[in-house]
Amino acid sequence: IQRIDSLYAEFLVEGFAPLRRRWEALFDLLDRQVEVDLGPRTISGVVGGLEPDGALKLFLPDGSVERVVAGDVRPIGMKVNGQRLEDKG
């Protein structure tokens, strides 16, 4: 509980950015091909990290970027070239 309180206090002072960097450093699906079940539709792409507001950034096969705020994510492939992907625009 104390650790959560500490992280929350950090969030209140510094915002989400420091927590986002820590999450991305530990997140196993970063740069991996995934499928996301959004309920009425399913999409697939490569996880590019988190947006500043916490949405999952997903690079789609057509080069566009989808922001995912809710859905079931499951891995379907390996890391892409062992490198982080960046926005093309």
# chains A, B, ... in the order shown; residues from 1 in each chain; ligands from 1
call {"tool": "select_by_dssp", "arguments": {"residues": "chain A", "states": "strand (DSSP E or B)", "output": "VMD selection string"}}
result
chain A and resid 32 to 37 42 to 50 56 to 59 65 to 68 72 to 79
call {"tool": "residues_around", "arguments": {"residues": "range 5-18 of chain A", "least_positions_apart": "2", "cutoff": "8 Å", "atoms": "only C-alpha atoms", "output": "PyMOL selection string"}}
result
chain A and resi 1-3+20-22+52-54
call {"tool": "write_last_selection", "arguments": {"atoms": "N, CA and C atoms", "output": "PDB file, in the first residue's frame"}}
result
ATOM      1  N   ILE A   1       0.830  -1.190   0.000  1.00  0.00           N
ATOM      2  CA  ILE A   1       0.000   0.000   0.000  1.00  0.00           C
ATOM      3  C   ILE A   1       0.874   1.253   0.000  1.00  0.00           C
ATOM      4  N   GLN A   2       1.964   1.239   0.768  1.00  0.00           N
ATOM      5  CA  GLN A   2       2.841   2.403   0.821  1.00  0.00           C
ATOM      6  C   GLN A   2       3.457   2.689  -0.545  1.00  0.00           C
ATOM      7  N   ARG A   3       3.802   1.640  -1.286  1.00  0.00           N
ATOM      8  CA  ARG A   3       4.378   1.818  -2.623  1.00  0.00           C
ATOM      9  C   ARG A   3       3.357   2.458  -3.568  1.00  0.00           C
ATOM     10  N   ARG A  20       4.783   6.164 -17.098  1.00  0.00           N
ATOM     11  CA  ARG A  20       4.710   5.587 -18.437  1.00  0.00           C
ATOM     12  C   ARG A  20       6.061   5.018 -18.856  1.00  0.00           C
ATOM     13  N   ARG A  21       7.136   5.735 -18.609  1.00  0.00           N
ATOM     14  CA  ARG A  21       8.489   5.247 -18.955  1.00  0.00           C
ATOM     15  C   ARG A  21       8.806   3.949 -18.214  1.00  0.00           C
ATOM     16  N   ARG A  22       8.462   3.874 -16.942  1.00  0.00           N
ATOM     17  CA  ARG A  22       8.703   2.645 -16.166  1.00  0.00           C
ATOM     18  C   ARG A  22       7.888   1.489 -16.711  1.00  0.00           C
ATOM     19  N   PRO A  52       0.493   9.590 -24.154  1.00  0.00           N
ATOM     20  CA  PRO A  52       0.603  10.381 -22.924  1.00  0.00           C
ATOM     21  C   PRO A  52      -0.588  10.256 -21.982  1.00  0.00           C
ATOM     22  N   ASP A  53      -1.765   9.936 -22.533  1.00  0.00           N
ATOM     23  CA  ASP A  53      -2.954   9.794 -21.680  1.00  0.00           C
ATOM     24  C   ASP A  53      -3.180   8.359 -21.212  1.00  0.00           C
ATOM     25  N   GLY A  54      -2.274   7.430 -21.567  1.00  0.00           N
ATOM     26  CA  GLY A  54      -2.385   6.048 -21.119  1.00  0.00           C
ATOM     27  C   GLY A  54      -2.975   5.096 -22.145  1.00  0.00           C
TER      28      GLY A  54
END
call {"tool": "closest_residue", "arguments": {"among": "A:Ala25, A:Gln33, A:Pro75, A:Thr42", "to": "Pro61 in chain A", "atoms": "only C-alpha atoms"}}
result
A:Gln33
call {"tool": "select_by_dssp", "arguments": {"residues": "range 3-53 of chain A", "states": "alpha helix (DSSP H)", "output": "number ranges by chain"}}
result
A: 3-14, 17-26
call {"tool": "atom_distance", "arguments": {"atom1": "CA of Phe59 in chain A", "atom2": "CA of Pro40 in chain A"}}
result
19.6 Å
call {"tool": "closest_residue", "arguments": {"among": "A:Glu51, A:Ile76, A:Val46, A:Leu30", "to": "Gly63 in chain A", "atoms": "only C-alpha atoms"}}
result
A:Val46
call {"tool": "residues_around", "arguments": {"residues": "Val36 in chain A", "least_positions_apart": "6", "cutoff": "8 Å", "atoms": "only C-alpha atoms", "output": "JSON, numbers by chain"}}
result
{"A": [42, 43, 44, 71, 72, 73, 74]}
call {"tool": "write_last_selection", "arguments": {"atoms": "N, CA and C atoms", "output": "PDB file, in the first residue's frame"}}
result
ATOM      1  N   THR A  42     -12.191  -6.696 -34.189  1.00  0.00           N
ATOM      2  CA  THR A  42     -10.865  -7.105 -33.748  1.00  0.00           C
ATOM      3  C   THR A  42      -9.844  -6.485 -34.692  1.00  0.00           C
ATOM      4  N   ILE A  43      -8.773  -5.943 -34.129  1.00  0.00           N
ATOM      5  CA  ILE A  43      -7.705  -5.361 -34.933  1.00  0.00           C
ATOM      6  C   ILE A  43      -6.390  -6.014 -34.560  1.00  0.00           C
ATOM      7  N   SER A  44      -5.425  -5.920 -35.450  1.00  0.00           N
ATOM      8  CA  SER A  44      -4.086  -6.423 -35.123  1.00  0.00           C
ATOM      9  C   SER A  44      -3.064  -5.392 -35.558  1.00  0.00           C
ATOM     10  N   GLY A  71      -9.840  -2.901 -24.342  1.00  0.00           N
ATOM     11  CA  GLY A  71      -9.914  -4.082 -25.186  1.00  0.00           C
ATOM     12  C   GLY A  71      -9.063  -5.191 -24.602  1.00  0.00           C
ATOM     13  N   ASP A  72      -9.253  -6.386 -25.127  1.00  0.00           N
ATOM     14  CA  ASP A  72      -8.460  -7.542 -24.703  1.00  0.00           C
ATOM     15  C   ASP A  72      -7.313  -7.725 -25.684  1.00  0.00           C
ATOM     16  N   VAL A  73      -6.090  -7.652 -25.173  1.00  0.00           N
ATOM     17  CA  VAL A  73      -4.883  -7.723 -26.004  1.00  0.00           C
ATOM     18  C   VAL A  73      -4.233  -9.084 -25.824  1.00  0.00           C
ATOM     19  N   ARG A  74      -3.872  -9.714 -26.955  1.00  0.00           N
ATOM     20  CA  ARG A  74      -3.145 -10.981 -26.859  1.00  0.00           C
ATOM     21  C   ARG A  74      -2.047 -11.004 -27.907  1.00  0.00           C
TER      22      ARG A  74
END
call {"tool": "closest_residue", "arguments": {"among": "A:Ala55, A:Leu26, A:Leu60, A:Val69", "to": "Leu38 in chain A", "atoms": "only C-alpha atoms"}}
result
A:Val69
call {"tool": "decode", "arguments": {"residues": "range 55-66 of chain A", "atoms": "all heavy atoms", "output": "PDB file, in the first residue's frame"}}
result
ATOM      1  N   ALA A  55      -3.472   5.595 -23.277  1.00  0.00           N
ATOM      2  CA  ALA A  55      -4.005   4.713 -24.322  1.00  0.00           C
ATOM      3  C   ALA A  55      -2.871   3.901 -24.939  1.00  0.00           C
ATOM      4  O   ALA A  55      -1.742   4.381 -25.061  1.00  0.00           O
ATOM      5  CB  ALA A  55      -4.705   5.542 -25.405  1.00  0.00           C
ATOM      6  N   LEU A  56      -3.186   2.668 -25.319  1.00  0.00           N
ATOM      7  CA  LEU A  56      -2.208   1.817 -25.993  1.00  0.00           C
ATOM      8  C   LEU A  56      -2.040   2.299 -27.426  1.00  0.00           C
ATOM      9  O   LEU A  56      -3.014   2.534 -28.134  1.00  0.00           O
ATOM     10  CB  LEU A  56      -2.695   0.366 -25.994  1.00  0.00           C
ATOM     11  CG  LEU A  56      -1.750  -0.664 -26.585  1.00  0.00           C
ATOM     12  CD1 LEU A  56      -0.562  -0.885 -25.658  1.00  0.00           C
ATOM     13  CD2 LEU A  56      -2.484  -1.972 -26.827  1.00  0.00           C
ATOM     14  N   LYS A  57      -0.789   2.481 -27.850  1.00  0.00           N
ATOM     15  CA  LYS A  57      -0.496   2.888 -29.219  1.00  0.00           C
ATOM     16  C   LYS A  57      -0.251   1.630 -30.035  1.00  0.00           C
ATOM     17  O   LYS A  57       0.633   0.835 -29.716  1.00  0.00           O
ATOM     18  CB  LYS A  57       0.736   3.775 -29.270  1.00  0.00           C
ATOM     19  CG  LYS A  57       1.054   4.307 -30.645  1.00  0.00           C
ATOM     20  CD  LYS A  57       2.396   5.008 -30.745  1.00  0.00           C
ATOM     21  CE  LYS A  57       2.689   5.957 -29.644  1.00  0.00           C
ATOM     22  NZ  LYS A  57       3.984   6.637 -29.809  1.00  0.00           N
ATOM     23  N   LEU A  58      -1.042   1.450 -31.106  1.00  0.00           N
ATOM     24  CA  LEU A  58      -0.944   0.255 -31.927  1.00  0.00           C
ATOM     25  C   LEU A  58      -0.690   0.662 -33.376  1.00  0.00           C
ATOM     26  O   LEU A  58      -1.478   1.402 -33.977  1.00  0.00           O
ATOM     27  CB  LEU A  58      -2.244  -0.543 -31.826  1.00  0.00           C
ATOM     28  CG  LEU A  58      -2.241  -1.947 -32.385  1.00  0.00           C
ATOM     29  CD1 LEU A  58      -1.302  -2.851 -31.584  1.00  0.00           C
ATOM     30  CD2 LEU A  58      -3.643  -2.524 -32.390  1.00  0.00           C
ATOM     31  N   PHE A  59       0.445   0.214 -33.934  1.00  0.00           N
ATOM     32  CA  PHE A  59       0.768   0.479 -35.329  1.00  0.00           C
ATOM     33  C   PHE A  59       0.089  -0.579 -36.187  1.00  0.00           C
ATOM     34  O   PHE A  59       0.369  -1.774 -36.049  1.00  0.00           O
ATOM     35  CB  PHE A  59       2.281   0.444 -35.557  1.00  0.00           C
ATOM     36  CG  PHE A  59       3.016   1.561 -34.861  1.00  0.00           C
ATOM     37  CD1 PHE A  59       3.680   1.331 -33.673  1.00  0.00           C
ATOM     38  CD2 PHE A  59       3.038   2.835 -35.409  1.00  0.00           C
ATOM     39  CE1 PHE A  59       4.359   2.346 -33.035  1.00  0.00           C
ATOM     40  CE2 PHE A  59       3.712   3.870 -34.763  1.00  0.00           C
ATOM     41  CZ  PHE A  59       4.371   3.625 -33.578  1.00  0.00           C
ATOM     42  N   LEU A  60      -0.807  -0.151 -37.067  1.00  0.00           N
ATOM     43  CA  LEU A  60      -1.566  -1.063 -37.921  1.00  0.00           C
ATOM     44  C   LEU A  60      -0.783  -1.379 -39.199  1.00  0.00           C
ATOM     45  O   LEU A  60       0.119  -0.629 -39.581  1.00  0.00           O
ATOM     46  CB  LEU A  60      -2.923  -0.458 -38.260  1.00  0.00           C
ATOM     47  CG  LEU A  60      -3.806  -0.100 -37.058  1.00  0.00           C
ATOM     48  CD1 LEU A  60      -5.138   0.452 -37.532  1.00  0.00           C
ATOM     49  CD2 LEU A  60      -4.015  -1.289 -36.142  1.00  0.00           C
ATOM     50  N   PRO A  61      -1.123  -2.484 -39.869  1.00  0.00           N
ATOM     51  CA  PRO A  61      -0.399  -2.889 -41.075  1.00  0.00           C
ATOM     52  C   PRO A  61      -0.388  -1.828 -42.179  1.00  0.00           C
ATOM     53  O   PRO A  61       0.561  -1.761 -42.958  1.00  0.00           O
ATOM     54  CB  PRO A  61      -1.140  -4.148 -41.534  1.00  0.00           C
ATOM     55  CG  PRO A  61      -1.742  -4.704 -40.296  1.00  0.00           C
ATOM     56  CD  PRO A  61      -2.106  -3.506 -39.462  1.00  0.00           C
ATOM     57  N   ASP A  62      -1.416  -0.966 -42.236  1.00  0.00           N
ATOM     58  CA  ASP A  62      -1.469   0.058 -43.286  1.00  0.00           C
ATOM     59  C   ASP A  62      -0.652   1.298 -42.947  1.00  0.00           C
ATOM     60  O   ASP A  62      -0.636   2.272 -43.691  1.00  0.00           O
ATOM     61  CB  ASP A  62      -2.920   0.445 -43.590  1.00  0.00           C
ATOM     62  CG  ASP A  62      -3.609   1.170 -42.437  1.00  0.00           C
ATOM     63  OD1 ASP A  62      -2.966   1.432 -41.397  1.00  0.00           O
ATOM     64  OD2 ASP A  62      -4.808   1.471 -42.572  1.00  0.00           O
ATOM     65  N   GLY A  63       0.048   1.280 -41.793  1.00  0.00           N
ATOM     66  CA  GLY A  63       0.892   2.402 -41.396  1.00  0.00           C
ATOM     67  C   GLY A  63       0.211   3.399 -40.478  1.00  0.00           C
ATOM     68  O   GLY A  63       0.860   4.297 -39.945  1.00  0.00           O
ATOM     69  N   SER A  64      -1.083   3.251 -40.289  1.00  0.00           N
ATOM     70  CA  SER A  64      -1.790   4.158 -39.392  1.00  0.00           C
ATOM     71  C   SER A  64      -1.582   3.731 -37.941  1.00  0.00           C
ATOM     72  O   SER A  64      -1.086   2.642 -37.662  1.00  0.00           O
ATOM     73  CB  SER A  64      -3.288   4.203 -39.727  1.00  0.00           C
ATOM     74  OG  SER A  64      -3.878   2.942 -39.517  1.00  0.00           O
ATOM     75  N   VAL A  65      -1.951   4.617 -37.033  1.00  0.00           N
ATOM     76  CA  VAL A  65      -1.814   4.358 -35.598  1.00  0.00           C
ATOM     77  C   VAL A  65      -3.196   4.358 -34.972  1.00  0.00           C
ATOM     78  O   VAL A  65      -3.977   5.290 -35.174  1.00  0.00           O
ATOM     79  CB  VAL A  65      -0.931   5.419 -34.908  1.00  0.00           C
ATOM     80  CG1 VAL A  65      -0.846   5.165 -33.410  1.00  0.00           C
ATOM     81  CG2 VAL A  65       0.463   5.439 -35.525  1.00  0.00           C
ATOM     82  N   GLU A  66      -3.509   3.306 -34.241  1.00  0.00           N
ATOM     83  CA  GLU A  66      -4.799   3.189 -33.531  1.00  0.00           C
ATOM     84  C   GLU A  66      -4.540   3.380 -32.041  1.00  0.00           C
ATOM     85  O   GLU A  66      -3.615   2.795 -31.476  1.00  0.00           O
ATOM     86  CB  GLU A  66      -5.406   1.811 -33.776  1.00  0.00           C
ATOM     87  CG  GLU A  66      -6.698   1.573 -33.051  1.00  0.00           C
ATOM     88  CD  GLU A  66      -7.924   1.836 -33.907  1.00  0.00           C
ATOM     89  OE1 GLU A  66      -7.793   1.957 -35.124  1.00  0.00           O
ATOM     90  OE2 GLU A  66      -9.016   1.901 -33.319  1.00  0.00           O
TER      91      GLU A  66
END
